[in-house]
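What's in data09.cif: mmCIF, C-alpha atoms
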```cif
data_query
#
loop_
_atom_site.label_atom_id
_atom_site.label_comp_id
_atom_site.auth_asym_id
_atom_site.auth_seq_id
_atom_site.Cartn_x
_atom_site.Cartn_y
_atom_site.Cartn_z
CA MET A 1 79.45 -106.69 97.84
CA ARG A 2 80.11 -103.07 96.82
CA VAL A 3 79.01 -101.96 93.34
CA ALA A 4 79.58 -98.63 91.63
CA LEU A 5 77.20 -97.68 88.81
CA ALA A 6 78.16 -95.07 86.22
CA GLY A 7 75.17 -93.99 84.17
CA GLY A 8 74.42 -90.31 84.60
CA GLY A 9 73.08 -87.59 82.35
CA THR A 10 69.92 -88.86 80.68
CA ALA A 11 67.10 -91.16 81.74
CA GLY A 12 68.29 -93.63 79.10
CA HIS A 13 71.51 -94.08 81.08
CA ILE A 14 70.10 -93.72 84.59
CA GLU A 15 67.01 -95.94 84.50
CA PRO A 16 68.83 -99.14 83.43
CA ALA A 17 71.44 -98.48 86.12
CA LEU A 18 68.78 -98.11 88.80
CA SER A 19 66.94 -101.20 87.57
CA LEU A 20 70.19 -103.15 87.88
CA ALA A 21 70.63 -101.74 91.40
CA ASP A 22 67.16 -102.98 92.33
CA ALA A 23 67.96 -106.44 90.96
CA LEU A 24 71.27 -106.61 92.85
CA ARG A 25 69.45 -105.76 96.07
CA ARG A 26 66.79 -108.41 95.38
CA ILE A 27 69.54 -111.03 95.09
CA ASP A 28 71.46 -109.71 98.10
CA PRO A 29 69.83 -106.97 100.22
CA ASN A 30 73.24 -106.19 101.75
CA THR A 31 74.73 -105.09 98.43
CA GLU A 32 76.19 -101.59 98.76
CA ILE A 33 75.34 -99.39 95.77
CA LEU A 34 76.97 -96.11 94.76
CA CYS A 35 75.75 -94.23 91.67
CA LEU A 36 78.26 -91.89 90.05
CA GLY A 37 76.75 -88.74 88.59
CA THR A 38 77.19 -85.05 87.89
CA GLU A 39 75.58 -81.99 89.42
CA ARG A 40 73.51 -81.19 86.33
CA GLY A 41 72.18 -84.60 85.32
CA LEU A 42 68.77 -86.12 85.95
CA GLU A 43 70.44 -88.48 88.41
CA ASN A 44 70.29 -85.71 91.05
CA ARG A 45 66.54 -86.28 91.24
CA LEU A 46 66.14 -89.91 90.15
CA VAL A 47 68.86 -91.58 92.22
CA PRO A 48 67.85 -90.25 95.68
CA MET A 49 64.19 -90.79 94.80
CA ARG A 50 64.93 -94.51 94.34
CA GLY A 51 66.83 -94.64 97.64
CA TYR A 52 70.42 -94.92 96.39
CA GLU A 53 73.55 -92.94 97.22
CA LEU A 54 74.83 -90.48 94.63
CA GLY A 55 78.53 -89.68 94.35
CA LEU A 56 79.21 -86.54 92.31
CA ILE A 57 82.05 -86.13 89.84
CA PRO A 58 82.70 -83.39 87.24
CA ALA A 59 81.07 -83.84 83.83
CA VAL A 60 83.60 -84.37 81.03
CA PRO A 61 82.24 -84.20 77.47
CA LEU A 62 84.61 -86.13 75.22
CA PRO A 63 85.94 -84.90 71.89
CA ARG A 64 85.08 -86.96 68.84
CA LYS A 65 88.61 -88.33 68.55
CA LEU A 66 90.11 -90.28 71.45
CA THR A 67 93.78 -91.13 71.85
CA PRO A 68 95.77 -92.55 74.80
CA ARG A 69 97.00 -89.02 75.49
CA LEU A 70 93.62 -88.35 77.13
CA LEU A 71 94.69 -90.61 79.99
CA THR A 72 97.35 -88.17 81.08
CA VAL A 73 96.17 -84.71 80.02
CA PRO A 74 95.51 -82.20 82.82
CA GLY A 75 92.28 -80.31 83.28
CA LYS A 76 88.73 -81.56 83.44
CA LEU A 77 89.44 -85.21 82.63
CA ALA A 78 92.17 -85.41 85.25
CA GLY A 79 89.86 -83.82 87.81
CA ALA A 80 87.02 -86.19 86.94
CA LEU A 81 89.37 -89.18 87.10
CA SER A 82 90.54 -88.11 90.54
CA ALA A 83 86.99 -87.58 91.79
CA ALA A 84 85.82 -90.92 90.39
CA GLY A 85 88.79 -92.66 91.96
CA GLU A 86 88.02 -91.10 95.34
CA GLN A 87 84.45 -92.36 95.14
CA LEU A 88 85.58 -95.88 94.21
CA ASP A 89 88.14 -95.88 97.02
CA ARG A 90 85.61 -94.57 99.53
CA ILE A 91 83.30 -97.55 99.12
CA GLN A 92 86.13 -99.96 98.22
CA ALA A 93 84.24 -100.95 95.08
CA ASP A 94 84.37 -104.59 94.02
CA VAL A 95 83.11 -103.82 90.50
CA ILE A 96 81.96 -100.88 88.38
CA VAL A 97 79.15 -101.09 85.85
CA GLY A 98 78.98 -98.36 83.20
CA PHE A 99 76.00 -97.47 81.03
CA GLY A 100 77.60 -94.76 78.92
CA GLY A 101 77.43 -90.99 79.08
CA TYR A 102 79.84 -88.43 80.50
CA VAL A 103 80.09 -90.19 83.86
CA ALA A 104 81.17 -93.54 82.44
CA THR A 105 84.51 -92.47 80.96
CA PRO A 106 86.21 -91.29 84.18
CA GLY A 107 84.61 -94.23 85.97
CA TYR A 108 86.11 -96.73 83.53
CA LEU A 109 89.55 -95.11 83.59
CA ALA A 110 89.64 -94.78 87.39
CA ALA A 111 88.62 -98.42 87.76
CA ARG A 112 91.29 -99.55 85.30
CA ARG A 113 93.99 -97.79 87.32
CA ARG A 114 92.81 -99.65 90.41
CA ARG A 115 92.35 -102.99 88.64
CA ILE A 116 88.67 -103.00 89.61
CA PRO A 117 86.65 -105.26 87.30
CA MET A 118 84.55 -103.34 84.76
CA VAL A 119 81.22 -104.21 83.22
CA VAL A 120 79.88 -102.27 80.23
CA HIS A 121 76.22 -102.11 79.21
CA GLU A 122 75.33 -100.46 75.89
CA ALA A 123 71.61 -99.94 75.31
CA ASN A 124 71.72 -98.55 71.79
CA PRO A 125 72.40 -100.20 68.42
CA LEU A 126 75.12 -97.59 67.77
CA PRO A 127 77.47 -97.45 70.78
CA GLY A 128 78.67 -94.10 72.10
CA LEU A 129 82.32 -93.25 72.58
CA ALA A 130 82.34 -93.84 76.34
CA ASN A 131 81.20 -97.44 75.99
CA ARG A 132 83.41 -98.06 72.99
CA LEU A 133 86.28 -97.07 75.27
CA GLY A 134 84.95 -99.32 78.02
CA ALA A 135 84.73 -102.24 75.59
CA ARG A 136 88.43 -101.78 74.84
CA LEU A 137 89.22 -101.98 78.54
CA SER A 138 87.01 -104.89 79.60
CA PRO A 139 85.82 -108.21 78.15
CA HIS A 140 82.56 -107.96 80.12
CA VAL A 141 80.34 -106.13 77.65
CA TYR A 142 76.55 -106.53 77.41
CA THR A 143 74.08 -104.99 74.99
CA GLY A 144 70.42 -104.01 75.06
CA HIS A 145 69.91 -104.37 71.30
CA PRO A 146 70.44 -107.65 69.44
CA HIS A 147 72.34 -105.99 66.59
CA THR A 148 74.70 -103.71 68.53
CA GLN A 149 78.20 -103.81 67.07
CA ILE A 150 80.63 -103.44 69.96
CA ARG A 151 83.73 -105.35 70.95
CA ASN A 152 83.03 -108.37 73.22
CA GLY A 153 79.30 -107.57 73.16
CA ARG A 154 76.71 -110.09 74.35
CA PHE A 155 72.97 -109.41 74.07
CA VAL A 156 71.03 -109.49 77.36
CA GLY A 157 68.44 -106.74 76.87
CA ILE A 158 67.92 -103.58 78.90
CA PRO A 159 67.35 -103.80 82.67
CA LEU A 160 63.82 -102.59 83.41
CA ARG A 161 61.97 -101.64 86.58
CA GLU A 162 60.31 -104.66 88.15
CA GLN A 163 57.05 -102.69 88.06
CA ILE A 164 57.27 -102.91 84.24
CA SER A 165 58.98 -106.26 83.72
CA SER A 166 56.48 -108.11 85.93
CA LEU A 167 53.37 -106.42 84.49
CA ASP A 168 50.47 -108.60 83.35
CA ARG A 169 48.71 -106.20 80.98
CA LEU A 170 45.64 -108.34 80.40
CA ALA A 171 45.02 -108.97 84.08
CA MET A 172 45.44 -105.28 84.94
CA GLY A 173 43.57 -103.84 81.94
CA ASP A 174 40.20 -102.97 83.48
CA LYS A 175 41.74 -101.64 86.68
CA ALA A 176 44.20 -99.52 84.71
CA ARG A 177 41.50 -98.00 82.51
CA ALA A 178 39.41 -97.11 85.54
CA TYR A 179 42.53 -95.55 87.12
CA PHE A 180 42.71 -93.04 84.23
CA GLY A 181 38.97 -92.54 83.84
CA LEU A 182 38.73 -94.61 80.66
CA ARG A 183 36.00 -96.99 79.58
CA PRO A 184 36.59 -100.77 79.76
CA ASP A 185 34.87 -101.52 76.43
CA LEU A 186 36.71 -99.36 73.87
CA PRO A 187 40.02 -99.81 72.01
CA THR A 188 42.61 -97.62 73.72
CA LEU A 189 45.54 -95.66 72.34
CA LEU A 190 48.33 -94.47 74.63
CA ILE A 191 50.26 -91.46 73.30
CA PHE A 192 53.49 -90.20 74.80
CA GLY A 193 56.68 -88.57 73.59
CA GLY A 194 59.27 -89.20 76.26
CA SER A 195 59.76 -87.41 79.55
CA GLN A 196 59.10 -83.95 78.10
CA GLY A 197 56.57 -84.82 75.41
CA ALA A 198 56.91 -84.45 71.64
CA GLN A 199 55.49 -81.42 69.84
CA ARG A 200 54.80 -83.10 66.50
CA ILE A 201 53.06 -86.06 68.12
CA ASN A 202 51.04 -83.79 70.42
CA GLU A 203 49.86 -81.47 67.68
CA THR A 204 48.89 -84.28 65.31
CA ALA A 205 47.06 -86.21 68.02
CA PHE A 206 45.05 -83.18 69.09
CA SER A 207 44.07 -82.52 65.48
CA ALA A 208 42.67 -86.06 65.30
CA VAL A 209 40.41 -85.84 68.39
CA PRO A 210 37.18 -85.81 66.31
CA ALA A 211 38.39 -88.78 64.24
CA PHE A 212 39.13 -90.81 67.38
CA ALA A 213 35.66 -90.03 68.73
CA ARG A 214 33.94 -91.03 65.48
CA ALA A 215 35.80 -94.34 65.42
CA GLY A 216 35.13 -95.09 69.09
CA VAL A 217 38.86 -95.11 70.00
CA GLN A 218 39.64 -93.67 73.43
CA VAL A 219 42.96 -91.99 74.13
CA LEU A 220 45.28 -91.52 77.08
CA HIS A 221 47.67 -88.77 75.99
CA VAL A 222 50.75 -87.89 78.08
CA VAL A 223 51.66 -84.48 76.70
CA GLY A 224 54.74 -83.76 78.84
CA PRO A 225 55.03 -81.44 81.86
CA LYS A 226 56.30 -78.50 79.82
CA ASN A 227 53.19 -78.59 77.64
CA ALA A 228 50.43 -78.58 80.28
CA ASP A 229 49.97 -77.88 83.98
CA GLU A 230 46.70 -79.74 84.54
CA PRO A 231 44.88 -82.73 83.02
CA GLN A 232 42.44 -81.98 80.20
CA ASP A 233 39.27 -83.88 79.37
CA LEU A 234 38.69 -83.73 75.59
CA THR A 235 35.98 -86.40 75.59
CA GLN A 236 33.58 -86.23 72.64
CA ASP A 237 30.32 -88.18 72.23
CA GLY A 238 31.11 -90.34 75.23
CA VAL A 239 34.51 -91.44 73.88
CA PRO A 240 37.18 -90.45 76.43
CA TYR A 241 40.24 -88.45 75.43
CA VAL A 242 42.29 -87.81 78.58
CA ALA A 243 45.34 -85.56 78.28
CA VAL A 244 47.70 -85.39 81.27
CA PRO A 245 51.04 -83.60 81.83
CA TYR A 246 52.81 -86.73 83.06
CA VAL A 247 52.21 -90.23 84.41
CA ASP A 248 53.96 -91.62 87.47
CA ARG A 249 52.60 -95.13 86.86
CA MET A 250 53.67 -96.07 83.34
CA ASP A 251 52.87 -99.68 84.17
CA MET A 252 49.21 -98.68 84.54
CA ALA A 253 49.37 -96.67 81.31
CA TYR A 254 50.75 -99.69 79.44
CA ALA A 255 48.10 -101.94 80.98
CA ALA A 256 45.32 -99.58 79.90
CA ALA A 257 46.45 -99.49 76.27
CA ASP A 258 46.05 -101.63 73.16
CA VAL A 259 48.64 -99.65 71.16
CA ALA A 260 51.16 -96.93 72.02
CA MET A 261 52.01 -94.08 69.63
CA CYS A 262 55.40 -92.84 70.76
CA ARG A 263 59.05 -92.15 70.03
CA SER A 264 61.39 -95.13 69.82
CA GLY A 265 64.15 -94.58 72.32
CA ALA A 266 65.93 -97.68 73.56
CA MET A 267 64.09 -97.74 76.90
CA THR A 268 60.69 -97.22 75.28
CA CYS A 269 61.23 -100.08 72.84
CA ALA A 270 62.47 -102.35 75.62
CA GLU A 271 59.48 -101.58 77.84
CA LEU A 272 56.86 -102.01 75.11
CA THR A 273 58.21 -105.38 74.03
CA ALA A 274 58.62 -106.55 77.62
CA VAL A 275 54.90 -105.96 78.27
CA GLY A 276 53.77 -107.02 74.78
CA LEU A 277 52.32 -103.65 73.78
CA PRO A 278 52.37 -102.89 70.02
CA GLY A 279 53.97 -99.60 69.05
CA ALA A 280 53.14 -97.00 66.41
CA PHE A 281 56.68 -95.63 66.41
CA VAL A 282 57.52 -92.06 65.37
CA PRO A 283 61.31 -92.04 65.62
CA LEU A 284 62.99 -88.74 66.33
CA ALA A 285 65.55 -88.05 63.61
CA ILE A 286 68.55 -87.34 65.83
CA GLY A 287 72.14 -88.50 65.97
CA ASN A 288 72.82 -91.35 63.59
CA GLY A 289 69.22 -92.51 63.39
CA GLU A 290 69.35 -94.55 66.60
CA GLN A 291 65.61 -94.35 67.23
CA ARG A 292 64.76 -95.83 63.84
CA LEU A 293 67.29 -98.61 64.43
CA ASN A 294 65.71 -99.32 67.83
CA ALA A 295 62.26 -99.84 66.32
CA GLU A 296 63.14 -101.63 63.09
CA PRO A 297 63.49 -105.16 64.54
CA ILE A 298 60.14 -104.82 66.33
CA VAL A 299 58.39 -103.63 63.17
CA GLN A 300 60.01 -106.36 61.08
CA ALA A 301 58.80 -108.97 63.58
CA GLY A 302 55.24 -107.65 63.34
CA GLY A 303 55.13 -105.99 66.76
CA GLY A 304 54.60 -102.46 65.54
CA VAL A 305 54.44 -99.97 62.69
CA MET A 306 56.63 -96.97 61.97
CA ILE A 307 56.01 -93.54 60.48
CA ASP A 308 58.59 -90.81 59.90
CA ASN A 309 58.17 -87.76 62.10
CA ALA A 310 57.74 -85.55 59.00
CA ASP A 311 55.03 -87.84 57.62
CA LEU A 312 52.93 -88.05 60.78
CA SER A 313 49.55 -86.49 59.99
CA THR A 314 45.86 -86.64 60.76
CA ASP A 315 45.39 -88.51 57.47
CA TRP A 316 47.84 -91.20 58.61
CA ILE A 317 46.03 -91.54 61.93
CA THR A 318 42.63 -91.88 60.25
CA GLY A 319 43.83 -94.06 57.39
CA GLU A 320 46.34 -96.33 59.15
CA LEU A 321 46.35 -96.09 62.93
CA ILE A 322 42.62 -96.09 63.69
CA PRO A 323 41.89 -99.09 61.40
CA MET A 324 44.67 -100.98 63.18
CA LEU A 325 43.23 -100.14 66.60
CA THR A 326 39.76 -101.32 65.62
CA ASP A 327 41.01 -104.65 64.20
CA THR A 328 41.01 -106.95 67.25
CA ASP A 329 42.68 -109.89 65.51
CA ARG A 330 45.51 -107.69 64.26
CA ILE A 331 46.08 -106.20 67.70
CA VAL A 332 46.28 -109.67 69.27
CA SER A 333 48.78 -110.79 66.63
CA MET A 334 50.90 -107.66 67.06
CA SER A 335 50.87 -108.00 70.85
CA GLU A 336 52.15 -111.57 70.60
CA ALA A 337 54.87 -110.50 68.15
CA ALA A 338 55.97 -107.63 70.40
CA ALA A 339 56.12 -109.93 73.43
CA ARG A 340 58.33 -112.40 71.54
CA MET A 341 60.86 -109.58 71.09
CA GLY A 342 60.84 -108.60 74.77
CA ARG A 343 63.37 -109.41 77.49
CA ARG A 344 61.72 -109.30 80.91
CA ASP A 345 64.65 -110.75 82.85
CA ALA A 346 67.53 -108.55 81.66
CA ASP A 347 67.85 -106.94 85.09
CA MET A 348 68.32 -110.24 86.90
CA GLU A 349 70.55 -111.75 84.22
CA LEU A 350 72.87 -108.76 84.24
CA ALA A 351 72.83 -108.67 88.06
CA ARG A 352 73.94 -112.30 88.23
CA GLU A 353 76.74 -111.60 85.73
CA VAL A 354 77.92 -108.55 87.71
CA MET A 355 78.00 -110.53 90.94
CA ALA A 356 79.94 -113.37 89.33
CA ILE A 357 82.49 -110.91 87.91
CA ALA A 358 82.86 -109.12 91.26
CA ARG A 359 83.44 -112.46 93.04
CA GLY A 360 86.07 -113.45 90.47
CA ASP A 361 84.02 -116.34 89.10
CA LYS A 362 84.57 -114.74 85.70
CA PRO A 363 88.17 -113.52 85.82
CA THR A 364 89.08 -110.38 83.92
CA PRO A 365 92.10 -111.00 81.71
CA GLU A 366 94.75 -108.33 81.33
CA MET A 367 93.63 -105.97 78.57
CA HIS A 368 96.50 -104.60 76.48
CA VAL A 369 95.42 -101.36 74.81
CA SER A 370 97.75 -99.78 72.28
CA GLU A 371 97.56 -96.41 70.56
CA ASP A 372 96.65 -98.24 67.34
CA ASP A 373 93.67 -99.79 69.16
CA PHE A 374 92.44 -96.36 70.20
CA ASP A 375 92.94 -94.81 66.77
CA GLU A 376 91.09 -97.70 65.12
CA GLU A 377 88.13 -97.58 67.50
CA PHE A 378 87.83 -93.85 68.16
CA GLN A 379 88.41 -92.26 64.79
CA ASP A 380 86.43 -89.10 64.03
CA ASP A 381 83.29 -90.72 62.63
CA GLY A 382 80.78 -88.08 63.65
CA LYS A 383 79.52 -89.84 66.79
CA ASP A 384 79.21 -87.87 69.99
CA ALA A 385 80.48 -88.91 73.40
CA ARG A 386 77.34 -90.49 74.82
#
```

Encoding of this model in structure tokens:
Amino acid sequence: MRVALAGGGTAGHIEPALSLADALRRIDPNTEILCLGTERGLENRLVPMRGYELGLIPAVPLPRKLTPRLLTVPGKLAGALSAAGEQLDRIQADVIVGFGGYVATPGYLAARRRRIPMVVHEANPLPGLANRLGARLSPHVYTGHPHTQIRNGRFVGIPLREQISSLDRLAMGDKARAYFGLRPDLPTLLIFGGSQGAQRINETAFSAVPAFARAGVQVLHVVGPKNADEPQDLTQDGVPYVAVPYVDRMDMAYAAADVAMCRSGAMTCAELTAVGLPGAFVPLAIGNGEQRLNAEPIVQAGGGVMIDNADLSTDWITGELIPMLTDTDRIVSMSEAAARMGRRDADMELAREVMAIARGDKPTPEMHVSEDDFDEEFQDDGKDAR
């Protein structure tokens, strides 16, 4: 079986695609995988590092209003369509799976011209334009958020790395704490802000170092590679505070922690719930508030708390977060609630669906797309072309 994956640009698009690739190979090691990407996306590093082939196509940012005329206009879109088609033809793709972003649009359109079955996965509660287009072209649409509003959508969760989805936090806890130089007997807070760190979270956490030490709460703080070159040991009074630029083994970081203070991107929320780790979410106020929407169901279920970025302060840490960390019964209850929200098997479930669609077990009906359909779905509503 030959599968093309279109999910370039950001880690939020690439990581689910690579997790699906891993799952496809676990089911059938002979599955041929091609990842479509652009020269400037993170996929140039992440895809080869995971052992998959990368096929480059031009990046095409979409305007906020889509009409059928985009299918025939010359220029960048036409060039990207041609390049995507050449990649699909080269491997004789049986199916394409898109995860949104600039790469997905030419992938979807090139596949439609060739009558190659399409699968769409939308991780966010508010779909981007690329996947809204894909959902108009295919009935095979899957979502990573239970409340995503997208045509033909079916909730499966977000495909995660097996290293994360198979993690037993309790069994690995002592080993993970030793791995980072932490004590086995203290409540532990993991702090991170995404791949590059988060300035507000970093500054507030550092200002609370004495409060953590007084309360006997140890901290593993991933500050982001742009914010530090070397690890720092800020231990006070025998209570560890370990600050590191980055962590290669996030599974070990999750296993070491009792609570994570972090942003609430779709992948972060999916990983925390999959491993049953409560979150103190500090959503970044970007776009249409996607990060808040990602965290809200977890908080409502009791698996986390949320604080606005502007309201994050040392006072909140000392008055809210530290008391939560030192309340063992509350942490146990929150962990159980977070785990109930998690989907550990999204990678395998989506992989089985993709294989069934590629084999024709789930036939793709002819999709009739009119100009009215495009105008209705892709009106200028302020969303960008994720």

query: Suppose you want the space between atom CA of A:Asp233 and atom CA of A:Ala310; what is it in Å?
result: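 Answer for the atom CA of A:Asp233 to atom CA of A:Ala310 separation: 27.5 Å.
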
task: Could you state which residues are captured by the PyMOL selection byres ((chain A and resi 263) around 12) in this file, as a PyMOL selection string?
output: chain A and resi 190-202+260-262+264-269+272+279-286+290-295+305-309+312

Export, as a CSV table (one decimal), keeping the file's coordinate frame, the selected residues with C-alpha atoms.
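Output saved as again-v8.csv:
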```
chain,number,residue,atom,x,y,z
A,190,LEU,CA,48.3,-94.5,74.6
A,191,ILE,CA,50.3,-91.5,73.3
A,192,PHE,CA,53.5,-90.2,74.8
A,193,GLY,CA,56.7,-88.6,73.6
A,194,GLY,CA,59.3,-89.2,76.3
A,195,SER,CA,59.8,-87.4,79.6
A,196,GLN,CA,59.1,-84.0,78.1
A,197,GLY,CA,56.6,-84.8,75.4
A,198,ALA,CA,56.9,-84.4,71.6
A,199,GLN,CA,55.5,-81.4,69.8
A,200,ARG,CA,54.8,-83.1,66.5
A,201,ILE,CA,53.1,-86.1,68.1
A,202,ASN,CA,51.0,-83.8,70.4
A,260,ALA,CA,51.2,-96.9,72.0
A,261,MET,CA,52.0,-94.1,69.6
A,262,CYS,CA,55.4,-92.8,70.8
A,264,SER,CA,61.4,-95.1,69.8
A,265,GLY,CA,64.2,-94.6,72.3
A,266,ALA,CA,65.9,-97.7,73.6
A,267,MET,CA,64.1,-97.7,76.9
A,268,THR,CA,60.7,-97.2,75.3
A,269,CYS,CA,61.2,-100.1,72.8
A,272,LEU,CA,56.9,-102.0,75.1
A,279,GLY,CA,54.0,-99.6,69.0
A,280,ALA,CA,53.1,-97.0,66.4
A,281,PHE,CA,56.7,-95.6,66.4
A,282,VAL,CA,57.5,-92.1,65.4
A,283,PRO,CA,61.3,-92.0,65.6
A,284,LEU,CA,63.0,-88.7,66.3
A,285,ALA,CA,65.6,-88.0,63.6
A,286,ILE,CA,68.6,-87.3,65.8
A,290,GLU,CA,69.4,-94.6,66.6
A,291,GLN,CA,65.6,-94.4,67.2
A,292,ARG,CA,64.8,-95.8,63.8
A,293,LEU,CA,67.3,-98.6,64.4
A,294,ASN,CA,65.7,-99.3,67.8
A,295,ALA,CA,62.3,-99.8,66.3
A,305,VAL,CA,54.4,-100.0,62.7
A,306,MET,CA,56.6,-97.0,62.0
A,307,ILE,CA,56.0,-93.5,60.5
A,308,ASP,CA,58.6,-90.8,59.9
A,309,ASN,CA,58.2,-87.8,62.1
A,312,LEU,CA,52.9,-88.0,60.8
```

query: Counting all atoms listed in the file, which of A:Gly98, A:Gly85, A:Gly303, A:Gly134 gets nearest to A:Ala110?
result: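 Of all the options, A:Gly85 lies closest to A:Ala110.
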
Work out where the centre of an axis-aligned box around every listed atom of stretch 232-241 of chain A lies and how long its edges are once 5 Å is added on each side; give both in Å to one decimal as JSON.
```
{"center_x": 36.4, "center_y": -86.7, "center_z": 76.2, "size_x": 22.1, "size_y": 19.5, "size_z": 18.0}
```

- request: Compile the contact shell of A:Arg177 as a list of chain:residue names: residues with an atom at most 9 Å away, counting all atoms listed in the file, same-chain residues fewer than 6 positions apart removed.
  value: A:Arg183, A:Pro184, A:Thr188, A:Met252, A:Ala253, A:Ala255, A:Ala256, A:Ala257

- prompt: When the PyMOL selection byres ((chain A and resi 218) around 8) is applied to the file above, which residues end up in the set, as a list in words?
  reply: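 This file gives the following for the PyMOL selection byres ((chain A and resi 218) around 8): Leu182, Arg183, Leu186, Pro187, Thr188, Leu189, Phe212, Ala213, Gly216, Val217, Val219, Leu220, Val239, Pro240 and Tyr241 of chain A.
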
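Take atom CA of A:Gly153 and atom CA of A:Ile357: the distance between them is 15.5 Å.
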
message: Given the point (80.1, -103.4, 72.3) in the coordinates of this file, which residues lie within 9 Å, counting all atoms listed in the file, and how would they look as a PyMOL selection string?
response: chain A and resi 120-122+126-127+131-132+134-136+141-143+148-154

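Going from atom CA of A:Pro16 to atom CA of A:Val222 covers 22.0 Å.
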
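You can rank A:Gly360, A:Pro231, A:Gly37, A:Pro159 by their closest distance to A:Leu18 using only C-alpha atoms, and at the top of that list sits A:Pro159.
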
task: Please evaluate the PyMOL selection byres ((chain A and resi 80) around 8) against the displayed coordinates and give the resulting residues as a PyMOL selection string.
output: chain A and resi 57-60+76-79+81-84+106

- request: Fewer than 3 positions away in the same chain doesn't count, so skip those; otherwise give me all residues within 7 Å of A:Ile33, counting all atoms listed in the file, as a PyMOL selection string.
  value: chain A and resi 2-4+21+52-53

message: So that I can check the surroundings of A:Gly342, please list as a list in words every protein, DNA and RNA residue that reaches within 10 Å of it, counting only C-alpha atoms and ignoring chain neighbours fewer than 4 positions away.
response: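 Those residues are Gly157, Ile158, Ser165, Cys269, Ala270, Glu271, Leu272, Thr273, Ala274, Val275, Gly276, Leu277, Ile298, Ala337, Ala338 and Ala346 of chain A.
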
message: If we draw a sphere of 9 Å around (69.6, -88.0, 85.2), which residues have at least one atom in it when counting only C-alpha atoms? Please report them as JSON, numbers by chain.
response: {"A": [7, 8, 9, 10, 11, 12, 13, 14, 15, 37, 38, 40, 41, 42, 43, 44, 45, 46, 47]}

So that I have them on file, write out the residues from the current selection with C-alpha atoms, as a PDB file, keeping the file's coordinate frame.
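Output contents, as saved in part.pdb:
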```
ATOM      1  CA  GLY A   7      75.170 -93.990  84.170  1.00  0.00           C
ATOM      2  CA  GLY A   8      74.420 -90.310  84.600  1.00  0.00           C
ATOM      3  CA  GLY A   9      73.080 -87.590  82.350  1.00  0.00           C
ATOM      4  CA  THR A  10      69.920 -88.860  80.680  1.00  0.00           C
ATOM      5  CA  ALA A  11      67.100 -91.160  81.740  1.00  0.00           C
ATOM      6  CA  GLY A  12      68.290 -93.630  79.100  1.00  0.00           C
ATOM      7  CA  HIS A  13      71.510 -94.080  81.080  1.00  0.00           C
ATOM      8  CA  ILE A  14      70.100 -93.720  84.590  1.00  0.00           C
ATOM      9  CA  GLU A  15      67.010 -95.940  84.500  1.00  0.00           C
ATOM     10  CA  GLY A  37      76.750 -88.740  88.590  1.00  0.00           C
ATOM     11  CA  THR A  38      77.190 -85.050  87.890  1.00  0.00           C
ATOM     12  CA  ARG A  40      73.510 -81.190  86.330  1.00  0.00           C
ATOM     13  CA  GLY A  41      72.180 -84.600  85.320  1.00  0.00           C
ATOM     14  CA  LEU A  42      68.770 -86.120  85.950  1.00  0.00           C
ATOM     15  CA  GLU A  43      70.440 -88.480  88.410  1.00  0.00           C
ATOM     16  CA  ASN A  44      70.290 -85.710  91.050  1.00  0.00           C
ATOM     17  CA  ARG A  45      66.540 -86.280  91.240  1.00  0.00           C
ATOM     18  CA  LEU A  46      66.140 -89.910  90.150  1.00  0.00           C
ATOM     19  CA  VAL A  47      68.860 -91.580  92.220  1.00  0.00           C
TER      20      VAL A  47
END
```

message: List the spatial neighbours of A:Ala23 as JSON, numbers by chain - criterion: any atom at most 6 Å away, all atoms listed in the file, same-chain residues fewer than 2 positions off excluded.
response: {"A": [20, 21, 25, 26, 347, 348]}

Kindly provide the residues of stretch 103-212 of chain A that approach stretch 89-93 of chain A to within 10 Å, each paired with its closest atom pair and their distance in Å to one decimal, based on all atoms listed in the file, listed by chain and increasing number, as JSON lines.
```
{"residue": "A:Ala110", "atom": "CA", "partner": "A:Asp89", "partner_atom": "CA", "distance": 9.8}
{"residue": "A:Ala111", "atom": "CA", "partner": "A:Ala93", "partner_atom": "CA", "distance": 8.9}
{"residue": "A:Arg114", "atom": "CA", "partner": "A:Asp89", "partner_atom": "CA", "distance": 8.9}
{"residue": "A:Ile116", "atom": "CA", "partner": "A:Ala93", "partner_atom": "CA", "distance": 7.3}
{"residue": "A:Pro117", "atom": "CA", "partner": "A:Ala93", "partner_atom": "CA", "distance": 9.2}
```

message: Given only C-alpha atoms as the basis, pick out the residue of A:Leu88, A:Met49, A:Val119, A:Val244 nearest to A:Glu353.
response: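 Selected residue with least distance to A:Glu353: A:Val119.
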